[in-house]
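K.L.:
Got a file for you: target_25.pdb, PDB, C-alpha atoms.
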ATOM      1  CA  MET A   1      89.303  93.352 107.214
ATOM      2  CA  LEU A   2      91.445  94.131 110.230
ATOM      3  CA  GLN A   3      94.524  91.949 110.305
ATOM      4  CA  ASN A   4      94.494  90.956 113.958
ATOM      5  CA  LYS A   5      92.154  90.447 116.871
ATOM      6  CA  THR A   6      93.610  93.414 118.731
ATOM      7  CA  GLY A   7      92.150  95.668 116.062
ATOM      8  CA  TYR A   8      88.754  94.032 116.413
ATOM      9  CA  HIS A   9      88.780  94.398 120.195
ATOM     10  CA  LEU A  10      89.766  98.055 119.884
ATOM     11  CA  ARG A  11      87.114  98.882 117.329
ATOM     12  CA  TYR A  12      84.128  96.959 118.622
ATOM     13  CA  TRP A  13      84.298  97.260 122.417
ATOM     14  CA  ILE A  14      87.431  98.944 123.810
ATOM     15  CA  ILE A  15      86.800 102.363 122.206
ATOM     16  CA  PRO A  16      83.107 102.366 123.267
ATOM     17  CA  PHE A  17      84.052 101.555 126.861
ATOM     18  CA  LEU A  18      86.885 104.123 126.857
ATOM     19  CA  VAL A  19      84.312 106.758 125.902
ATOM     20  CA  LEU A  20      81.229 105.667 127.834
ATOM     21  CA  ILE A  21      82.712 104.751 131.216
ATOM     22  CA  PRO A  22      84.470 108.116 131.850
ATOM     23  CA  LEU A  23      81.354 109.987 130.697
ATOM     24  CA  LEU A  24      79.100 107.982 133.027
ATOM     25  CA  VAL A  25      81.522 108.375 135.947
ATOM     26  CA  MET A  26      81.625 112.141 135.402
ATOM     27  CA  TYR A  27      77.848 112.332 134.981
ATOM     28  CA  PHE A  28      77.047 110.468 138.201
ATOM     29  CA  SER A  29      80.032 111.759 140.194
ATOM     30  CA  GLY A  30      78.203 114.598 141.903
ATOM     31  CA  VAL A  31      81.185 116.805 141.043
ATOM     32  CA  LYS A  32      79.750 119.967 139.533
ATOM     33  CA  TRP A  33      82.472 120.743 136.983
ATOM     34  CA  ALA A  34      82.504 117.132 135.715
ATOM     35  CA  GLN A  35      78.729 117.065 135.342
ATOM     36  CA  GLU A  36      78.813 120.433 133.573
ATOM     37  CA  LEU A  37      81.239 119.075 130.978
ATOM     38  CA  VAL A  38      78.982 116.134 130.205
ATOM     39  CA  CYS A  39      75.633 117.880 130.612
ATOM     40  CA  PRO A  40      75.888 121.692 130.937
ATOM     41  CA  SER A  41      73.082 123.152 133.048
ATOM     42  CA  VAL A  42      72.844 126.161 130.726
ATOM     43  CA  ASN A  43      72.029 123.825 127.817
ATOM     44  CA  TRP A  44      72.873 120.104 127.808
ATOM     45  CA  GLU A  45      72.983 120.201 123.987
ATOM     46  CA  LEU A  46      76.383 121.924 124.310
ATOM     47  CA  GLY A  47      78.024 119.164 126.392
ATOM     48  CA  ILE A  48      80.455 116.399 125.518
ATOM     49  CA  VAL A  49      77.730 113.798 124.951
ATOM     50  CA  GLU A  50      75.848 115.875 122.410
ATOM     51  CA  ASN A  51      79.000 117.004 120.624
ATOM     52  CA  LEU A  52      80.257 113.414 120.320
ATOM     53  CA  GLN A  53      76.975 112.593 118.598
ATOM     54  CA  ILE A  54      77.486 115.496 116.199
ATOM     55  CA  LEU A  55      81.062 114.383 115.489
ATOM     56  CA  LEU A  56      79.909 110.846 114.687
ATOM     57  CA  LEU A  57      77.180 112.139 112.375
ATOM     58  CA  ILE A  58      79.735 114.276 110.537
ATOM     59  CA  MET A  59      81.936 111.179 110.166
ATOM     60  CA  ILE A  60      78.962 109.204 108.820
ATOM     61  CA  LEU A  61      78.203 111.968 106.332
ATOM     62  CA  ILE A  62      81.833 112.073 105.175
ATOM     63  CA  VAL A  63      82.138 108.312 104.559
ATOM     64  CA  CYS A  64      78.794 108.243 102.722
ATOM     65  CA  VAL A  65      79.953 111.027 100.399
ATOM     66  CA  MET A  66      83.270 109.197  99.896
ATOM     67  CA  ALA A  67      81.334 106.039  98.987
ATOM     68  CA  ILE A  68      79.574 107.859  96.120
ATOM     69  CA  PHE A  69      82.960 108.251  94.420
ATOM     70  CA  ARG A  70      84.539 105.045  95.707
ATOM     71  CA  LYS A  71      81.869 102.508  94.760
ATOM     72  CA  LYS A  72      81.654 101.477  91.114
ATOM     73  CA  ASN A  73      78.172  99.973  91.059
ATOM     74  CA  ARG A  74      75.594 102.554  89.956
ATOM     75  CA  ILE A  75      72.963 101.297  92.383
ATOM     76  CA  GLU A  76      75.415 101.651  95.252
ATOM     77  CA  LYS A  77      76.190 105.209  94.170
ATOM     78  CA  VAL A  78      72.476 106.045  94.248
ATOM     79  CA  ILE A  79      72.017 104.405  97.645
ATOM     80  CA  PHE A  80      74.970 106.252  99.161
ATOM     81  CA  SER A  81      73.737 109.507  97.640
ATOM     82  CA  PHE A  82      70.455 108.955  99.464
ATOM     83  CA  LEU A  83      72.302 108.013 102.662
ATOM     84  CA  SER A  84      74.394 111.182 102.410
ATOM     85  CA  VAL A  85      71.246 113.295 102.265
ATOM     86  CA  PHE A  86      69.729 111.318 105.124
ATOM     87  CA  ALA A  87      72.895 111.697 107.229
ATOM     88  CA  LEU A  88      72.812 115.457 106.622
ATOM     89  CA  PHE A  89      69.149 115.521 107.685
ATOM     90  CA  VAL A  90      69.918 113.639 110.920
ATOM     91  CA  LEU A  91      72.866 115.951 111.593
ATOM     92  CA  LEU A  92      70.676 119.033 111.156
ATOM     93  CA  GLU A  93      68.065 117.445 113.414
ATOM     94  CA  GLU A  94      70.710 116.777 116.078
ATOM     95  CA  ILE A  95      71.825 120.411 116.134
ATOM     96  CA  ASP A  96      68.223 121.674 115.918
ATOM     97  CA  TYR A  97      69.116 123.377 112.629
ATOM     98  CA  GLY A  98      71.590 125.557 114.529
ATOM     99  CA  LEU A  99      69.132 126.644 117.219
ATOM    100  CA  HIS A 100      71.127 125.857 120.350
ATOM    101  CA  PHE A 101      74.264 127.448 118.918
ATOM    102  CA  LEU A 102      72.300 130.613 118.141
ATOM    103  CA  ARG A 103      70.827 130.557 121.621
ATOM    104  CA  TYR A 104      74.248 130.194 123.248
ATOM    105  CA  PHE A 105      76.273 132.634 121.153
ATOM    106  CA  LYS A 106      73.607 135.224 120.248
ATOM    107  CA  GLY A 107      70.953 134.724 122.911
ATOM    108  CA  ARG A 108      68.164 134.002 120.420
ATOM    109  CA  SER A 109      66.613 130.910 118.879
ATOM    110  CA  ASP A 110      64.554 132.135 115.935
ATOM    111  CA  THR A 111      65.795 129.779 113.229
ATOM    112  CA  PHE A 112      63.970 129.411 109.935
ATOM    113  CA  PHE A 113      62.775 125.966 111.000
ATOM    114  CA  VAL A 114      61.290 127.303 114.257
ATOM    115  CA  ASP A 115      59.599 130.162 112.422
ATOM    116  CA  MET A 116      58.134 127.724 109.904
ATOM    117  CA  THR A 117      57.007 124.908 112.248
ATOM    118  CA  GLY A 118      56.999 126.281 115.790
ATOM    119  CA  LYS A 119      59.333 123.448 116.860
ATOM    120  CA  ALA A 120      63.114 123.075 116.955
ATOM    121  CA  ASN A 121      63.208 119.985 114.721
ATOM    122  CA  VAL A 122      61.165 117.347 112.929
ATOM    123  CA  HIS A 123      61.470 114.701 115.649
ATOM    124  CA  ASN A 124      59.798 117.035 118.130
ATOM    125  CA  LEU A 125      56.784 117.461 115.894
ATOM    126  CA  GLY A 126      53.852 115.419 117.171
ATOM    127  CA  ASN A 127      54.791 111.842 118.031
ATOM    128  CA  ASN A 128      57.738 111.657 115.646
ATOM    129  CA  ALA A 129      60.382 110.979 118.306
ATOM    130  CA  LYS A 130      58.723 107.735 119.389
ATOM    131  CA  LEU A 131      58.076 106.717 115.796
ATOM    132  CA  PHE A 132      61.743 107.204 114.873
ATOM    133  CA  LYS A 133      62.949 105.170 117.859
ATOM    134  CA  ARG A 134      60.415 102.378 117.300
ATOM    135  CA  SER A 135      61.628 102.008 113.722
ATOM    136  CA  ILE A 136      65.385 102.195 114.364
ATOM    137  CA  TYR A 137      65.623  99.739 117.279
ATOM    138  CA  PRO A 138      64.017  96.768 115.455
ATOM    139  CA  LEU A 139      66.313  97.491 112.500
ATOM    140  CA  MET A 140      69.343  97.416 114.800
ATOM    141  CA  LEU A 141      68.163  94.179 116.403
ATOM    142  CA  VAL A 142      67.908  92.439 113.044
ATOM    143  CA  LEU A 143      70.981  93.984 111.425
ATOM    144  CA  PHE A 144      73.482  93.904 114.290
ATOM    145  CA  ILE A 145      72.410  90.945 116.432
ATOM    146  CA  ILE A 146      70.303  88.432 114.519
ATOM    147  CA  THR A 147      71.778  88.398 110.998
ATOM    148  CA  PRO A 148      75.483  88.316 112.039
ATOM    149  CA  LEU A 149      74.809  85.134 114.011
ATOM    150  CA  TYR A 150      73.274  83.472 110.960
ATOM    151  CA  VAL A 151      75.460  84.950 108.231
ATOM    152  CA  HIS A 152      76.777  81.469 107.341
ATOM    153  CA  LYS A 153      73.265  80.460 106.246
ATOM    154  CA  PHE A 154      73.095  83.161 103.577
ATOM    155  CA  LYS A 155      74.518  82.308 100.154
ATOM    156  CA  ASN A 156      73.286  85.322  98.199
ATOM    157  CA  PRO A 157      76.243  87.727  97.583
ATOM    158  CA  VAL A 158      74.098  90.783  98.299
ATOM    159  CA  PHE A 159      73.160  89.454 101.742
ATOM    160  CA  LYS A 160      76.767  88.516 102.447
ATOM    161  CA  TYR A 161      77.783  92.027 101.469
ATOM    162  CA  LEU A 162      75.185  93.730 103.662
ATOM    163  CA  ILE A 163      75.326  91.532 106.755
ATOM    164  CA  PRO A 164      77.917  92.778 109.271
ATOM    165  CA  ASN A 165      80.469  90.516 110.925
ATOM    166  CA  LYS A 166      79.808  88.823 114.270
ATOM    167  CA  TRP A 167      81.787  91.384 116.256
ATOM    168  CA  PHE A 168      78.884  93.785 115.780
ATOM    169  CA  VAL A 169      76.891  91.704 118.265
ATOM    170  CA  VAL A 170      79.315  92.843 120.988
ATOM    171  CA  THR A 171      78.910  96.514 120.021
ATOM    172  CA  ALA A 172      75.132  96.102 119.883
ATOM    173  CA  ILE A 173      75.073  94.662 123.409
ATOM    174  CA  ILE A 174      77.132  97.624 124.638
ATOM    175  CA  THR A 175      74.580  99.891 122.948
ATOM    176  CA  ILE A 176      71.782  98.231 124.915
ATOM    177  CA  PHE A 177      73.705  98.602 128.175
ATOM    178  CA  SER A 178      74.482 102.254 127.396
ATOM    179  CA  TYR A 179      70.731 102.854 127.482
ATOM    180  CA  ALA A 180      69.708 100.503 130.287
ATOM    181  CA  VAL A 181      72.447 101.131 132.863
ATOM    182  CA  PRO A 182      72.137 104.918 133.331
ATOM    183  CA  ARG A 183      68.337 104.748 133.200
ATOM    184  CA  LEU A 184      68.188 102.014 135.840
ATOM    185  CA  LEU A 185      70.684 103.837 138.057
ATOM    186  CA  VAL A 186      68.363 106.850 138.059
ATOM    187  CA  ASP A 187      64.993 105.043 138.099
ATOM    188  CA  LEU A 188      66.045 102.802 140.995
ATOM    189  CA  ASN A 189      67.461 105.802 142.906
ATOM    190  CA  ILE A 190      70.889 104.182 143.063
ATOM    191  CA  LEU A 191      72.620 107.367 141.873
ATOM    192  CA  GLU A 192      71.392 110.917 141.490
ATOM    193  CA  ASP A 193      70.661 112.101 137.963
ATOM    194  CA  GLY A 194      73.313 114.429 136.574
ATOM    195  CA  GLY A 195      71.024 116.649 134.526
ATOM    196  CA  PHE A 196      69.580 114.838 131.513
ATOM    197  CA  GLY A 197      66.367 113.848 133.283
ATOM    198  CA  VAL A 198      64.004 112.171 130.835
ATOM    199  CA  ASN A 199      66.726 112.499 128.173
ATOM    200  CA  ILE A 200      69.049 110.062 129.976
ATOM    201  CA  GLY A 201      69.028 108.004 126.770
ATOM    202  CA  GLU A 202      71.484 110.489 125.234
ATOM    203  CA  PHE A 203      74.330 108.150 126.208
ATOM    204  CA  SER A 204      72.899 105.407 124.036
ATOM    205  CA  GLU A 205      72.609 107.778 121.063
ATOM    206  CA  ILE A 206      76.406 107.950 120.997
ATOM    207  CA  MET A 207      76.484 104.179 120.555
ATOM    208  CA  VAL A 208      73.682 104.177 117.976
ATOM    209  CA  TYR A 209      75.609 106.588 115.771
ATOM    210  CA  TYR A 210      78.892 104.781 116.455
ATOM    211  CA  ILE A 211      77.604 101.343 115.451
ATOM    212  CA  PHE A 212      76.119 102.708 112.222
ATOM    213  CA  PHE A 213      79.416 104.459 111.481
ATOM    214  CA  LEU A 214      81.264 101.152 111.997
ATOM    215  CA  TYR A 215      78.811  99.369 109.729
ATOM    216  CA  LEU A 216      79.092 101.928 106.949
ATOM    217  CA  TYR A 217      82.886 101.970 107.269
ATOM    218  CA  GLU A 218      82.964  98.175 106.880
ATOM    219  CA  VAL A 219      80.673  98.194 103.836
ATOM    220  CA  ILE A 220      82.411 101.123 102.154
ATOM    221  CA  PHE A 221      86.093 100.408 102.801
ATOM    222  CA  GLU A 222      86.350  96.721 103.641
ATOM    223  CA  LYS A 223      83.838  95.014 101.361
ATOM    224  CA  GLU A 224      83.109  94.786  97.665
ATOM    225  CA  LEU A 225      79.836  93.640  96.172
ATOM    226  CA  GLN A 226      80.542  90.499  94.137
ATOM    227  CA  LEU A 227      77.716  89.970  91.657
ATOM    228  CA  ASN A 228      79.597  88.423  88.771
ATOM    229  CA  SER A 229      81.172  85.426  90.445
ATOM    230  CA  ARG A 230      81.679  82.501  88.090
ATOM    231  CA  ARG A 231      79.803  79.297  88.577
ATOM    232  CA  GLU A 232      81.893  76.185  88.841
TER     233      GLU A 232
END
Translate this file's structure into C-alpha cells.
P.N.:
Amino acid sequence: MLQNKTGYHLRYWIIPFLVLIPLLVMYFSGVKWAQELVCPSVNWELGIVENLQILLLIMILIVCVMAIFRKKNRIEKVIFSFLSVFALFVLLEEIDYGLHFLRYFKGRSDTFFVDMTGKANVHNLGNNAKLFKRSIYPLMLVLFIITPLYVHKFKNPVFKYLIPNKWFVVTAIITIFSYAVPRLLVDLNILEDGGFGVNIGEFSEIMVYYIFFLYLYEVIFEKELQLNSRRE
C-alpha cells in the first residue's frame, strides 16, 4: 500500500482532476486551437482524449501481462492471461483495428475488420455499444462503490483480495461526474459543444480505463492472495 495519505490523494483524485479539468476547459473554451487538440475536427479519434484512452489501455495490457509472470497461483495466471487477451481486444476496438490511423496517414480505411464485417469495430455492430455499457456500469457500481464501503463485513480471503480499498469510491464519483458534467453543460445549453456531439461521453471513458488500471495495479502489485492462513 502507499505509505502516506499524500500518495492516496494523488492517485485517486488529484491526477484525475489534473487531467480532466484542463481538457474540459480547452474543450468548452471556444478557442479553436484548444478544441482541435482535444477533439480534432478532421477526426476526433486522433485527439488528446482518445489517445489518453489508448495509453491507459496499453498500461492495462502491460500490467496484466506482468501479472502472468508475477503471480504464483495458477488460477491467477489463467485469469490474468484471459484479462491480457481481453485488454488487447478492447485496445484494438478503441483504435478501430487501426482504421483511423490508416485514414489519417494513408487516406483510406479498408482494414481487414471493415472488409469482413462492414463496420469499424465490434461495438458498432448492431446494439453492442449499449450492451457493453449496460454491463460495465453495474459492475463498476458494485466493485468500486458498494463493496469498498462494506469490505469490513467480508471475511473470506478471496473477497478481501478482490475488493478495492475505500479510496476507489472517490475515483468512482469523479468518473460519474466526468460523464454527467460535460453532457449537462451541452444538453442544458450552458456551453457550446466542442465537437464530440453525441460522443460527449468520451471524457468519462478516460476515467473508466483509469479506475480499472488503478484496480488492477492494486491487485497485481500491492496485494497477495492469502489462502493458506492458519487457524488459531
K.L.:
Can you tell me which residues surround Gly197 of chain A at a distance of at most 12 Å, considering all atoms listed in the file, apart from same-chain residues fewer than 3 positions away, and format the answer as a list in words?
P.N.:
Tyr27, Cys39, Ser41, Trp44, Pro182, Arg183, Leu185, Val186, Asp187, Glu192, Asp193, Gly194, Ile200, Gly201 and Glu202 of chain A
K.L.:
Counting all atoms listed in the file, which of A:Ile21, A:Leu188, A:Ile211, A:Ile95 gets nearest to Ile145 of chain A?
P.N.:
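Closest candidate: A:Ile211.
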K.L.:
Would you mind reading off the distance between atom CA of Lys223 of chain A and atom CA of Asn165 of chain A, one decimal, in Å?
P.N.:
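Separation between atom CA of Lys223 of chain A and atom CA of Asn165 of chain A: 11.1 Å.
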K.L.:
Considering all atoms listed in the file, can you say which of A:Leu88, A:Leu225, A:Ile146, A:Ala34 comes closest to Met59 of chain A?
P.N.:
A:Leu88
K.L.:
My list of candidates is A:Ile206, A:Ile176, A:Val169, A:Leu184. Which is closest to Tyr12 of chain A when distances are computed with all atoms listed in the file?
P.N.:
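Answer, going by the shortest atom-to-atom distance: A:Val169.
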K.L.:
Under the rule that only C-alpha atoms are counted, which of A:Val78, A:Val49, A:Leu216, A:Val142 is the nearest residue to Leu61 of chain A?
P.N.:
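With only C-alpha atoms as the atom set, the closest residue is A:Leu216.
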K.L.:
Measuring atom to atom with all atoms listed in the file, identify which of A:Leu141, A:Val219, A:Met26, A:Val38 is nearest to Phe196 of chain A.
P.N.:
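Looking at the shortest contact to Phe196 of chain A, the residue is A:Val38.
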K.L.:
Tell me, in Å to one decimal, how far atom CA of Ile68 of chain A is from atom CA of Phe80 of chain A.
P.N.:
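If I compute the distance from atom CA of Ile68 of chain A to atom CA of Phe80 of chain A, I get 5.7 Å.
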K.L.:
Just the residues within 10 Å of Ile174 of chain A, please, counting only C-alpha atoms, with nothing from its chain fewer than 2 positions along; format it as an NGL selection string.
P.N.:
:A and (12-13 or 16-17 or 20 or 168-172 or 176-180 or 204 or 207-208 or 211)
K.L.:
Using all atoms listed in the file, which of A:Leu191, A:Leu143, A:Phe203, A:Phe86 sits nearest Asn51 of chain A?
P.N.:
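Nearest candidate to Asn51 of chain A out of A:Leu191, A:Leu143, A:Phe203, A:Phe86: A:Phe203.
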K.L.:
Please provide the set of residues having any atom within 10 Å of Val65 of chain A, restricted to all atoms listed in the file, with same-chain residues fewer than 4 positions apart removed, written as a list in words.
P.N.:
Met59, Ile60, Leu61, Phe69, Arg70, Lys77, Phe80, Ser81, Phe82, Leu83, Ser84, Val85 and Ala87 of chain A
K.L.:
Could you check how far atom CA of Tyr217 of chain A sits from atom CA of Ser135 of chain A, in Å to one decimal?
P.N.:
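Separation of atom CA of Tyr217 of chain A and atom CA of Ser135 of chain A: 22.2 Å.
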K.L.:
Considering all atoms listed in the file, return as an mmCIF file with C-alpha atoms, in the coordinates of the input whatever protein or nucleic-acid residues lie within 10 Å of Val158 of chain A, sequence-local ones (same chain, fewer than 3 positions apart) excluded.
P.N.:
data_model
loop_
_atom_site.group_PDB
_atom_site.id
_atom_site.type_symbol
_atom_site.label_atom_id
_atom_site.label_comp_id
_atom_site.auth_asym_id
_atom_site.auth_seq_id
_atom_site.Cartn_x
_atom_site.Cartn_y
_atom_site.Cartn_z
ATOM 1 C CA PHE A 154 73.095 83.161 103.577
ATOM 2 C CA LYS A 155 74.518 82.308 100.154
ATOM 3 C CA TYR A 161 77.783 92.027 101.469
ATOM 4 C CA LEU A 162 75.185 93.730 103.662
ATOM 5 C CA ILE A 163 75.326 91.532 106.755
ATOM 6 C CA GLU A 224 83.109 94.786 97.665
ATOM 7 C CA LEU A 225 79.836 93.640 96.172
ATOM 8 C CA GLN A 226 80.542 90.499 94.137
ATOM 9 C CA LEU A 227 77.716 89.970 91.657
#
K.L.:
Find the residues near Phe221 of chain A: any atom within 12 Å, counting only C-alpha atoms, skip ones fewer than 6 places away on the same chain, and give them as a list in words.
P.N.:
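Here the answer would be Met1, Leu2, Val63, Cys64, Met66, Ala67, Ile68, Phe69, Arg70, Lys71, Tyr161, Phe213, Leu214 and Tyr215 of chain A.
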K.L.:
N, CA and C atoms are what I want for segment 133-147 of chain A; can you complete it accordingly and write them as a PDB file, in the frame of the given file?
P.N.:
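The resulting file, rebuild.pdb, is reproduced below:
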ATOM      1  N   LYS A 133      62.285 106.155 117.004  1.00  0.00           N
ATOM      2  CA  LYS A 133      62.949 105.170 117.859  1.00  0.00           C
ATOM      3  C   LYS A 133      62.368 103.779 117.643  1.00  0.00           C
ATOM      4  N   ARG A 134      61.055 103.682 117.488  1.00  0.00           N
ATOM      5  CA  ARG A 134      60.415 102.378 117.300  1.00  0.00           C
ATOM      6  C   ARG A 134      60.785 101.757 115.970  1.00  0.00           C
ATOM      7  N   SER A 135      61.221 102.558 115.018  1.00  0.00           N
ATOM      8  CA  SER A 135      61.628 102.008 113.722  1.00  0.00           C
ATOM      9  C   SER A 135      63.107 101.642 113.715  1.00  0.00           C
ATOM     10  N   ILE A 136      63.936 102.426 114.414  1.00  0.00           N
ATOM     11  CA  ILE A 136      65.385 102.195 114.364  1.00  0.00           C
ATOM     12  C   ILE A 136      65.814 101.019 115.224  1.00  0.00           C
ATOM     13  N   TYR A 137      65.191 100.812 116.388  1.00  0.00           N
ATOM     14  CA  TYR A 137      65.623  99.739 117.279  1.00  0.00           C
ATOM     15  C   TYR A 137      65.360  98.347 116.712  1.00  0.00           C
ATOM     16  N   PRO A 138      64.197  98.081 116.108  1.00  0.00           N
ATOM     17  CA  PRO A 138      64.017  96.768 115.455  1.00  0.00           C
ATOM     18  C   PRO A 138      65.018  96.540 114.330  1.00  0.00           C
ATOM     19  N   LEU A 139      65.321  97.601 113.573  1.00  0.00           N
ATOM     20  CA  LEU A 139      66.313  97.491 112.500  1.00  0.00           C
ATOM     21  C   LEU A 139      67.670  97.098 113.073  1.00  0.00           C
ATOM     22  N   MET A 140      68.062  97.732 114.171  1.00  0.00           N
ATOM     23  CA  MET A 140      69.343  97.416 114.800  1.00  0.00           C
ATOM     24  C   MET A 140      69.367  95.994 115.337  1.00  0.00           C
ATOM     25  N   LEU A 141      68.255  95.543 115.893  1.00  0.00           N
ATOM     26  CA  LEU A 141      68.163  94.179 116.403  1.00  0.00           C
ATOM     27  C   LEU A 141      68.420  93.163 115.299  1.00  0.00           C
ATOM     28  N   VAL A 142      67.762  93.368 114.158  1.00  0.00           N
ATOM     29  CA  VAL A 142      67.908  92.439 113.044  1.00  0.00           C
ATOM     30  C   VAL A 142      69.290  92.539 112.417  1.00  0.00           C
ATOM     31  N   LEU A 143      69.740  93.770 112.166  1.00  0.00           N
ATOM     32  CA  LEU A 143      70.981  93.984 111.425  1.00  0.00           C
ATOM     33  C   LEU A 143      72.226  93.647 112.231  1.00  0.00           C
ATOM     34  N   PHE A 144      72.245  94.011 113.522  1.00  0.00           N
ATOM     35  CA  PHE A 144      73.482  93.904 114.290  1.00  0.00           C
ATOM     36  C   PHE A 144      73.530  92.749 115.290  1.00  0.00           C
ATOM     37  N   ILE A 145      72.397  92.073 115.502  1.00  0.00           N
ATOM     38  CA  ILE A 145      72.410  90.945 116.432  1.00  0.00           C
ATOM     39  C   ILE A 145      71.973  89.646 115.766  1.00  0.00           C
ATOM     40  N   ILE A 146      70.855  89.669 115.077  1.00  0.00           N
ATOM     41  CA  ILE A 146      70.303  88.432 114.519  1.00  0.00           C
ATOM     42  C   ILE A 146      71.074  87.973 113.283  1.00  0.00           C
ATOM     43  N   THR A 147      71.159  88.837 112.261  1.00  0.00           N
ATOM     44  CA  THR A 147      71.778  88.398 110.998  1.00  0.00           C
ATOM     45  C   THR A 147      73.262  88.034 111.121  1.00  0.00           C
TER      46      THR A 147
END
